[in-house]
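**Q** Structure supplied as data_25.cif; contents: mmCIF, C-alpha atoms and all ligand atoms; chains and numbers go by the auth columns.
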```cif
data_upload
loop_
_atom_site.group_PDB
_atom_site.id
_atom_site.type_symbol
_atom_site.label_atom_id
_atom_site.label_comp_id
_atom_site.label_asym_id
_atom_site.label_seq_id
_atom_site.Cartn_x
_atom_site.Cartn_y
_atom_site.Cartn_z
_atom_site.B_iso_or_equiv
_atom_site.auth_seq_id
_atom_site.auth_asym_id
ATOM 1 C CA MET A 1 -39.428 118.330 -96.691 0.00 1 A
ATOM 2 C CA ALA A 2 -41.310 117.743 -99.966 0.00 2 A
ATOM 3 C CA ALA A 3 -43.303 120.647 -101.397 0.00 3 A
ATOM 4 C CA PRO A 4 -47.085 120.358 -101.012 0.00 4 A
ATOM 5 C CA THR A 5 -48.991 119.198 -104.075 0.00 5 A
ATOM 6 C CA ILE A 6 -52.081 120.654 -105.686 0.00 6 A
ATOM 7 C CA PHE A 7 -54.029 118.317 -107.949 0.00 7 A
ATOM 8 C CA VAL A 8 -55.569 119.982 -111.026 0.00 8 A
ATOM 9 C CA LEU A 9 -58.215 117.625 -112.409 0.00 9 A
ATOM 10 C CA ASN A 10 -59.864 118.182 -115.770 0.00 10 A
ATOM 11 C CA GLY A 11 -62.873 116.363 -117.150 0.00 11 A
ATOM 12 C CA PRO A 12 -64.315 115.464 -120.535 0.00 12 A
ATOM 13 C CA ASN A 13 -63.429 117.268 -123.756 0.00 13 A
ATOM 14 C CA LEU A 14 -60.880 119.505 -122.064 0.00 14 A
ATOM 15 C CA ASN A 15 -58.146 117.541 -123.880 0.00 15 A
ATOM 16 C CA LEU A 16 -59.414 119.366 -126.990 0.00 16 A
ATOM 17 C CA LEU A 17 -58.802 122.862 -125.612 0.00 17 A
ATOM 18 C CA GLY A 18 -57.182 125.034 -128.243 0.00 18 A
ATOM 19 C CA THR A 19 -59.411 123.757 -131.039 0.00 19 A
ATOM 20 C CA ARG A 20 -62.673 123.165 -129.121 0.00 20 A
ATOM 21 C CA GLN A 21 -65.124 126.067 -129.621 0.00 21 A
ATOM 22 C CA PRO A 22 -62.347 128.705 -129.348 0.00 22 A
ATOM 23 C CA GLU A 23 -64.968 131.475 -129.331 0.00 23 A
ATOM 24 C CA ILE A 24 -65.983 130.149 -125.891 0.00 24 A
ATOM 25 C CA TYR A 25 -62.862 128.465 -124.530 0.00 25 A
ATOM 26 C CA GLY A 26 -60.062 130.416 -126.237 0.00 26 A
ATOM 27 C CA HIS A 27 -56.968 129.186 -128.078 0.00 27 A
ATOM 28 C CA ASP A 28 -54.821 127.970 -125.193 0.00 28 A
ATOM 29 C CA THR A 29 -54.341 124.228 -124.875 0.00 29 A
ATOM 30 C CA LEU A 30 -54.503 122.335 -121.589 0.00 30 A
ATOM 31 C CA ASP A 31 -50.701 121.968 -121.820 0.00 31 A
ATOM 32 C CA ASP A 32 -50.395 125.767 -122.076 0.00 32 A
ATOM 33 C CA ILE A 33 -52.473 126.131 -118.911 0.00 33 A
ATOM 34 C CA ALA A 34 -50.459 123.407 -117.158 0.00 34 A
ATOM 35 C CA ALA A 35 -47.190 125.182 -118.019 0.00 35 A
ATOM 36 C CA ARG A 36 -48.457 128.427 -116.540 0.00 36 A
ATOM 37 C CA LEU A 37 -49.669 126.686 -113.375 0.00 37 A
ATOM 38 C CA VAL A 38 -46.350 124.856 -112.933 0.00 38 A
ATOM 39 C CA ALA A 39 -44.395 128.123 -113.358 0.00 39 A
ATOM 40 C CA ARG A 40 -46.576 129.893 -110.791 0.00 40 A
ATOM 41 C CA GLY A 41 -46.416 126.833 -108.540 0.00 41 A
ATOM 42 C CA GLU A 42 -42.616 127.058 -108.562 0.00 42 A
ATOM 43 C CA GLN A 43 -42.849 130.673 -107.374 0.00 43 A
ATOM 44 C CA LEU A 44 -45.298 129.664 -104.654 0.00 44 A
ATOM 45 C CA GLY A 45 -43.407 126.524 -103.601 0.00 45 A
ATOM 46 C CA VAL A 46 -46.072 124.027 -104.564 0.00 46 A
ATOM 47 C CA ASP A 47 -46.041 121.063 -106.987 0.00 47 A
ATOM 48 C CA ILE A 48 -48.779 120.935 -109.626 0.00 48 A
ATOM 49 C CA ASP A 49 -50.166 117.522 -110.596 0.00 49 A
ATOM 50 C CA MET A 50 -52.266 118.211 -113.711 0.00 50 A
ATOM 51 C CA ARG A 51 -54.494 115.448 -115.122 0.00 51 A
ATOM 52 C CA GLN A 52 -57.329 115.080 -117.637 0.00 52 A
ATOM 53 C CA SER A 53 -59.792 112.274 -118.297 0.00 53 A
ATOM 54 C CA ASN A 54 -62.937 111.816 -120.320 0.00 54 A
ATOM 55 C CA HIS A 55 -64.099 109.183 -117.792 0.00 55 A
ATOM 56 C CA GLU A 56 -66.067 110.055 -114.669 0.00 56 A
ATOM 57 C CA GLY A 57 -64.633 107.189 -112.594 0.00 57 A
ATOM 58 C CA HIS A 58 -61.076 108.379 -113.165 0.00 58 A
ATOM 59 C CA LEU A 59 -62.008 111.736 -111.670 0.00 59 A
ATOM 60 C CA VAL A 60 -63.596 109.983 -108.660 0.00 60 A
ATOM 61 C CA ASP A 61 -60.446 107.872 -108.179 0.00 61 A
ATOM 62 C CA TRP A 62 -58.204 110.941 -108.436 0.00 62 A
ATOM 63 C CA LEU A 63 -60.242 112.812 -105.810 0.00 63 A
ATOM 64 C CA HIS A 64 -59.730 109.843 -103.466 0.00 64 A
ATOM 65 C CA GLU A 65 -56.028 109.814 -104.379 0.00 65 A
ATOM 66 C CA ALA A 66 -55.721 113.527 -103.587 0.00 66 A
ATOM 67 C CA GLN A 67 -56.776 112.794 -100.030 0.00 67 A
ATOM 68 C CA ALA A 68 -54.678 109.617 -99.748 0.00 68 A
ATOM 69 C CA GLU A 69 -51.595 111.498 -100.982 0.00 69 A
ATOM 70 C CA GLY A 70 -52.213 114.417 -98.632 0.00 70 A
ATOM 71 C CA ALA A 71 -52.660 116.974 -101.423 0.00 71 A
ATOM 72 C CA LYS A 72 -53.064 120.551 -100.216 0.00 72 A
ATOM 73 C CA ALA A 73 -56.092 121.140 -102.470 0.00 73 A
ATOM 74 C CA VAL A 74 -57.768 120.082 -105.705 0.00 74 A
ATOM 75 C CA LEU A 75 -58.677 122.437 -108.542 0.00 75 A
ATOM 76 C CA LEU A 76 -61.472 120.679 -110.432 0.00 76 A
ATOM 77 C CA ASN A 77 -62.825 121.553 -113.848 0.00 77 A
ATOM 78 C CA ALA A 78 -65.231 118.647 -114.257 0.00 78 A
ATOM 79 C CA GLY A 79 -66.431 119.824 -117.688 0.00 79 A
ATOM 80 C CA ALA A 80 -69.942 118.582 -118.452 0.00 80 A
ATOM 81 C CA PHE A 81 -69.862 116.213 -115.440 0.00 81 A
ATOM 82 C CA THR A 82 -70.262 119.425 -113.414 0.00 82 A
ATOM 83 C CA HIS A 83 -73.919 119.436 -114.348 0.00 83 A
ATOM 84 C CA THR A 84 -74.678 115.706 -114.020 0.00 84 A
ATOM 85 C CA SER A 85 -72.443 113.907 -111.581 0.00 85 A
ATOM 86 C CA VAL A 86 -73.754 112.860 -108.185 0.00 86 A
ATOM 87 C CA ALA A 87 -70.696 110.565 -108.032 0.00 87 A
ATOM 88 C CA LEU A 88 -68.348 113.565 -108.116 0.00 88 A
ATOM 89 C CA TYR A 89 -70.523 115.421 -105.581 0.00 89 A
ATOM 90 C CA ASP A 90 -70.268 112.393 -103.271 0.00 90 A
ATOM 91 C CA ALA A 91 -66.512 112.070 -103.839 0.00 91 A
ATOM 92 C CA ILE A 92 -65.909 115.719 -102.883 0.00 92 A
ATOM 93 C CA LYS A 93 -68.072 115.244 -99.782 0.00 93 A
ATOM 94 C CA ALA A 94 -66.203 112.029 -98.944 0.00 94 A
ATOM 95 C CA ILE A 95 -62.762 113.653 -98.701 0.00 95 A
ATOM 96 C CA SER A 96 -61.484 116.386 -96.435 0.00 96 A
ATOM 97 C CA THR A 97 -59.143 117.838 -99.094 0.00 97 A
ATOM 98 C CA PRO A 98 -60.518 121.229 -100.147 0.00 98 A
ATOM 99 C CA VAL A 99 -61.830 121.270 -103.719 0.00 99 A
ATOM 100 C CA ILE A 100 -62.135 124.470 -105.767 0.00 100 A
ATOM 101 C CA GLU A 101 -64.474 124.363 -108.772 0.00 101 A
ATOM 102 C CA VAL A 102 -62.965 125.946 -111.896 0.00 102 A
ATOM 103 C CA HIS A 103 -64.482 126.859 -115.264 0.00 103 A
ATOM 104 C CA LEU A 104 -63.040 128.681 -118.248 0.00 104 A
ATOM 105 C CA SER A 105 -66.448 130.000 -119.280 0.00 105 A
ATOM 106 C CA ASN A 106 -69.178 131.352 -117.015 0.00 106 A
ATOM 107 C CA PRO A 107 -71.819 128.599 -117.074 0.00 107 A
ATOM 108 C CA HIS A 108 -74.442 130.970 -115.649 0.00 108 A
ATOM 109 C CA THR A 109 -74.401 133.041 -118.845 0.00 109 A
ATOM 110 C CA ARG A 110 -74.887 129.931 -121.009 0.00 110 A
ATOM 111 C CA GLU A 111 -77.574 127.270 -121.564 0.00 111 A
ATOM 112 C CA THR A 112 -79.878 126.673 -118.601 0.00 112 A
ATOM 113 C CA PHE A 113 -78.665 123.063 -118.245 0.00 113 A
ATOM 114 C CA ARG A 114 -75.293 124.528 -117.244 0.00 114 A
ATOM 115 C CA HIS A 115 -76.782 126.577 -114.400 0.00 115 A
ATOM 116 C CA LYS A 116 -76.862 123.627 -112.003 0.00 116 A
ATOM 117 C CA SER A 117 -73.524 122.481 -110.601 0.00 117 A
ATOM 118 C CA TYR A 118 -73.174 119.361 -108.471 0.00 118 A
ATOM 119 C CA ILE A 119 -69.529 120.346 -107.985 0.00 119 A
ATOM 120 C CA GLY A 120 -70.445 123.797 -106.712 0.00 120 A
ATOM 121 C CA MET A 121 -72.799 122.268 -104.135 0.00 121 A
ATOM 122 C CA ALA A 122 -69.872 120.424 -102.548 0.00 122 A
ATOM 123 C CA ALA A 123 -66.819 122.583 -103.354 0.00 123 A
ATOM 124 C CA LYS A 124 -65.165 125.161 -101.118 0.00 124 A
ATOM 125 C CA GLY A 125 -65.750 127.792 -103.808 0.00 125 A
ATOM 126 C CA THR A 126 -66.025 128.423 -107.519 0.00 126 A
ATOM 127 C CA ILE A 127 -64.021 130.489 -110.008 0.00 127 A
ATOM 128 C CA ALA A 128 -65.541 130.776 -113.477 0.00 128 A
ATOM 129 C CA GLY A 129 -65.563 132.978 -116.526 0.00 129 A
ATOM 130 C CA PHE A 130 -61.962 134.190 -116.761 0.00 130 A
ATOM 131 C CA GLY A 131 -60.624 131.728 -119.344 0.00 131 A
ATOM 132 C CA PRO A 132 -57.262 130.180 -118.376 0.00 132 A
ATOM 133 C CA THR A 133 -56.914 132.871 -115.695 0.00 133 A
ATOM 134 C CA SER A 134 -59.649 131.016 -113.758 0.00 134 A
ATOM 135 C CA TYR A 135 -57.047 128.301 -113.035 0.00 135 A
ATOM 136 C CA MET A 136 -54.472 130.871 -111.874 0.00 136 A
ATOM 137 C CA LEU A 137 -56.996 132.566 -109.587 0.00 137 A
ATOM 138 C CA ALA A 138 -57.988 129.159 -108.213 0.00 138 A
ATOM 139 C CA LEU A 139 -54.327 128.382 -107.487 0.00 139 A
ATOM 140 C CA ASP A 140 -54.001 131.626 -105.536 0.00 140 A
ATOM 141 C CA ALA A 141 -57.241 130.801 -103.694 0.00 141 A
ATOM 142 C CA ALA A 142 -55.935 127.318 -102.842 0.00 142 A
ATOM 143 C CA MET A 143 -52.700 128.793 -101.477 0.00 143 A
ATOM 144 C CA ALA A 144 -54.702 131.201 -99.318 0.00 144 A
ATOM 145 C CA LEU A 145 -56.732 128.426 -97.677 0.00 145 A
HETATM 146 C C1 LIG B . -66.621 124.116 -118.654 0.00 201 A
HETATM 147 C C2 LIG B . -68.108 124.508 -118.656 0.00 201 A
HETATM 148 C C3 LIG B . -68.969 123.271 -118.796 0.00 201 A
HETATM 149 O O1 LIG B . -70.339 123.648 -118.846 0.00 201 A
HETATM 150 C C4 LIG B . -68.629 122.536 -120.084 0.00 201 A
HETATM 151 O O2 LIG B . -69.395 121.341 -120.161 0.00 201 A
HETATM 152 C C5 LIG B . -67.191 122.259 -120.232 0.00 201 A
HETATM 153 C C6 LIG B . -66.242 123.314 -119.875 0.00 201 A
HETATM 154 C C7 LIG B . -65.705 125.377 -118.615 0.00 201 A
HETATM 155 O O3 LIG B . -64.547 125.227 -118.246 0.00 201 A
HETATM 156 O O4 LIG B . -66.140 126.463 -118.996 0.00 201 A
HETATM 157 O O5 LIG B . -66.785 121.220 -120.714 0.00 201 A
HETATM 158 O O6 LIG B . -66.363 123.358 -117.486 0.00 201 A
#
```
Render the structure in this file as C-alpha cells.
**A**
Amino acid sequence: MAAPTIFVLNGPNLNLLGTRQPEIYGHDTLDDIAARLVARGEQLGVDIDMRQSNHEGHLVDWLHEAQAEGAKAVLLNAGAFTHTSVALYDAIKAISTPVIEVHLSNPHTRETFRHKSYIGMAAKGTIAGFGPTSYMLALDAAMAL
C-alpha cells in the first residue's frame, strides 16, 4: 500500500526564504525546510509533497487537489494571503482534508494587519513563531490527527 501523503503548501514570497528579511525569517531556504520534512517523513512513513506559488489560485487548486488525492493533511503557510484571502478560507472550508496553518514568524507580535488570519479561522490549528521548526511541529501534529 502506498504511503500517505502530506501536502505542504507555501504562498507568496516564500520562494525567497534564505535572503528575505533573514532577521525575521532566518537563513534557511524553502529547499532546506523541504529536505528536513522529507527526512522526517521517511521516519514517520509519510510522503511529503512540498509546493510554493506566488499565485492565490494555485493554492486554491492545490487545496482541492489535496482532497481529490486523498492527502492525509495539508500544512499551509499562505504567506501574506493569510491576512487577505477569503478564497483560501472558503477552500479550506470546502474540503474535509485537515489543514494546519504554519508560520515561521509569530504574526501576533508583528504589524496589526498580520493579527487577522483567514486561514486560522478555518484551519484545524495553527503553529507559528518557531522558524523552520514550525513546519516540523506541524508535521508531528498532522501525524497525531
Ligand atoms: C509568514 C507571516 C506572514 O505575515 C507573511 O506575510 C509571510 C510569512 C510567516 O511564515 O511568518 O509571508 O506567513
**Q** Provide the atom CA of A:Ile92 to atom CA of A:Ala122 distance in Å, to one decimal place.
**A**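 Computing it gives 6.2 Å between the two atoms.
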**Q** Distance table requested - stretch 105-133 of chain A against stretch 31-37 of chain A, cut-off 10 Å, all atoms listed in the file: one row per qualifying residue with the closest atom pair and its distance in Å to one decimal, ordered by chain and rising residue number, as CSV.
**A**
```
residue,atom,partner,partner_atom,distance
A:Gly131,CA,A:Ile33,CA,9.9
A:Pro132,CA,A:Ile33,CA,6.3
A:Thr133,CA,A:Ile33,CA,8.7
```
**Q** Give me the residues near stretch 54-62 of chain A as a VMD selection string, where near means some atom within 8 Å (using only C-alpha atoms) and where sequence neighbours in that chain fewer than 2 positions away do not count.
**A** chain A and resid 9 to 13 52 64 to 66 81 87 to 88 91
**Q** Looking at A:Leu63, A:Val86, A:Ile100, A:Ala80, which one is nearest to ligand LIG 201 (chain A), with distances taken over only C-alpha atoms and all ligand atoms?
**A**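 Nearest candidate to ligand LIG 201 (chain A) out of A:Leu63, A:Val86, A:Ile100, A:Ala80: A:Ala80.
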**Q** For a quick check of understanding, using all atoms listed in the file, which of A:Met121, A:Ala128, A:Ile6, A:Ala144 has the smallest distance to A:Gly41?
**A** A:Ile6
**Q** Which residue, A:Ala141, A:Ala123, A:Met136, A:Ile95, has the smallest gap to A:Glu69 when you use all atoms listed in the file?
**A**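 Closest candidate: A:Ile95.
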**Q** Generate all heavy atoms for stretch 37-48 of chain A and emit them as a CSV table (one decimal), keeping the file's coordinate frame.
**A**
```csv
chain,number,residue,atom,x,y,z
A,37,LEU,N,-49.4,127.1,-114.8
A,37,LEU,CA,-49.7,126.7,-113.4
A,37,LEU,C,-48.4,126.2,-112.7
A,37,LEU,O,-48.1,126.5,-111.6
A,37,LEU,CB,-50.7,125.6,-113.3
A,37,LEU,CG,-52.2,126.0,-113.5
A,37,LEU,CD1,-53.1,124.8,-113.7
A,37,LEU,CD2,-52.7,126.8,-112.3
A,38,VAL,N,-47.6,125.4,-113.5
A,38,VAL,CA,-46.4,124.9,-112.9
A,38,VAL,C,-45.4,126.0,-112.6
A,38,VAL,O,-44.7,126.0,-111.6
A,38,VAL,CB,-45.7,123.8,-113.9
A,38,VAL,CG1,-44.3,123.5,-113.5
A,38,VAL,CG2,-46.6,122.6,-113.9
A,39,ALA,N,-45.3,127.0,-113.6
A,39,ALA,CA,-44.4,128.1,-113.4
A,39,ALA,C,-44.8,128.9,-112.1
A,39,ALA,O,-44.0,129.3,-111.3
A,39,ALA,CB,-44.4,129.0,-114.6
A,40,ARG,N,-46.1,129.2,-112.0
A,40,ARG,CA,-46.6,129.9,-110.8
A,40,ARG,C,-46.4,129.1,-109.5
A,40,ARG,O,-46.0,129.6,-108.5
A,40,ARG,CB,-48.0,130.3,-111.0
A,40,ARG,CG,-48.7,131.0,-109.9
A,40,ARG,CD,-48.5,132.5,-110.0
A,40,ARG,NE,-49.1,133.2,-108.8
A,40,ARG,CZ,-48.5,133.9,-107.9
A,40,ARG,NH1,-47.2,134.1,-108.0
A,40,ARG,NH2,-49.1,134.4,-106.9
A,41,GLY,N,-46.6,127.7,-109.7
A,41,GLY,CA,-46.4,126.8,-108.5
A,41,GLY,C,-45.0,126.9,-108.0
A,41,GLY,O,-44.8,126.8,-106.8
A,42,GLU,N,-44.0,127.0,-109.0
A,42,GLU,CA,-42.6,127.1,-108.6
A,42,GLU,C,-42.4,128.3,-107.7
A,42,GLU,O,-41.7,128.3,-106.7
A,42,GLU,CB,-41.7,127.0,-109.8
A,42,GLU,CG,-41.4,125.6,-110.2
A,42,GLU,CD,-40.8,125.5,-111.6
A,42,GLU,OE1,-40.3,126.6,-112.1
A,42,GLU,OE2,-40.8,124.4,-112.2
A,43,GLN,N,-43.0,129.4,-108.2
A,43,GLN,CA,-42.8,130.7,-107.4
A,43,GLN,C,-43.5,130.5,-106.0
A,43,GLN,O,-42.9,131.1,-105.0
A,43,GLN,CB,-43.6,131.8,-108.1
A,43,GLN,CG,-42.9,132.3,-109.4
A,43,GLN,CD,-43.8,133.3,-110.1
A,43,GLN,OE1,-45.0,133.4,-109.8
A,43,GLN,NE2,-43.2,133.9,-111.1
A,44,LEU,N,-44.6,129.8,-105.9
A,44,LEU,CA,-45.3,129.7,-104.7
A,44,LEU,C,-44.8,128.5,-103.8
A,44,LEU,O,-45.2,128.4,-102.7
A,44,LEU,CB,-46.8,129.5,-104.9
A,44,LEU,CG,-47.5,130.6,-105.6
A,44,LEU,CD1,-48.9,130.2,-106.1
A,44,LEU,CD2,-47.6,131.8,-104.7
A,45,GLY,N,-43.9,127.7,-104.4
A,45,GLY,CA,-43.4,126.5,-103.6
A,45,GLY,C,-44.4,125.4,-103.5
A,45,GLY,O,-44.5,124.7,-102.4
A,46,VAL,N,-45.1,125.1,-104.6
A,46,VAL,CA,-46.1,124.0,-104.6
A,46,VAL,C,-46.0,123.2,-105.9
A,46,VAL,O,-45.7,123.8,-106.9
A,46,VAL,CB,-47.5,124.6,-104.3
A,46,VAL,CG1,-48.0,125.3,-105.6
A,46,VAL,CG2,-48.5,123.5,-104.0
A,47,ASP,N,-46.1,121.9,-105.8
A,47,ASP,CA,-46.0,121.1,-107.0
A,47,ASP,C,-47.4,121.0,-107.6
A,47,ASP,O,-48.4,120.9,-106.9
A,47,ASP,CB,-45.6,119.6,-106.6
A,47,ASP,CG,-44.1,119.6,-106.3
A,47,ASP,OD1,-43.3,120.5,-106.8
A,47,ASP,OD2,-43.7,118.7,-105.5
A,48,ILE,N,-47.5,121.0,-108.9
A,48,ILE,CA,-48.8,120.9,-109.6
A,48,ILE,C,-48.9,119.6,-110.3
A,48,ILE,O,-48.0,119.2,-111.0
A,48,ILE,CB,-48.9,122.0,-110.7
A,48,ILE,CG1,-48.8,123.4,-110.1
A,48,ILE,CG2,-50.2,121.9,-111.5
A,48,ILE,CD1,-49.9,123.8,-109.2
```
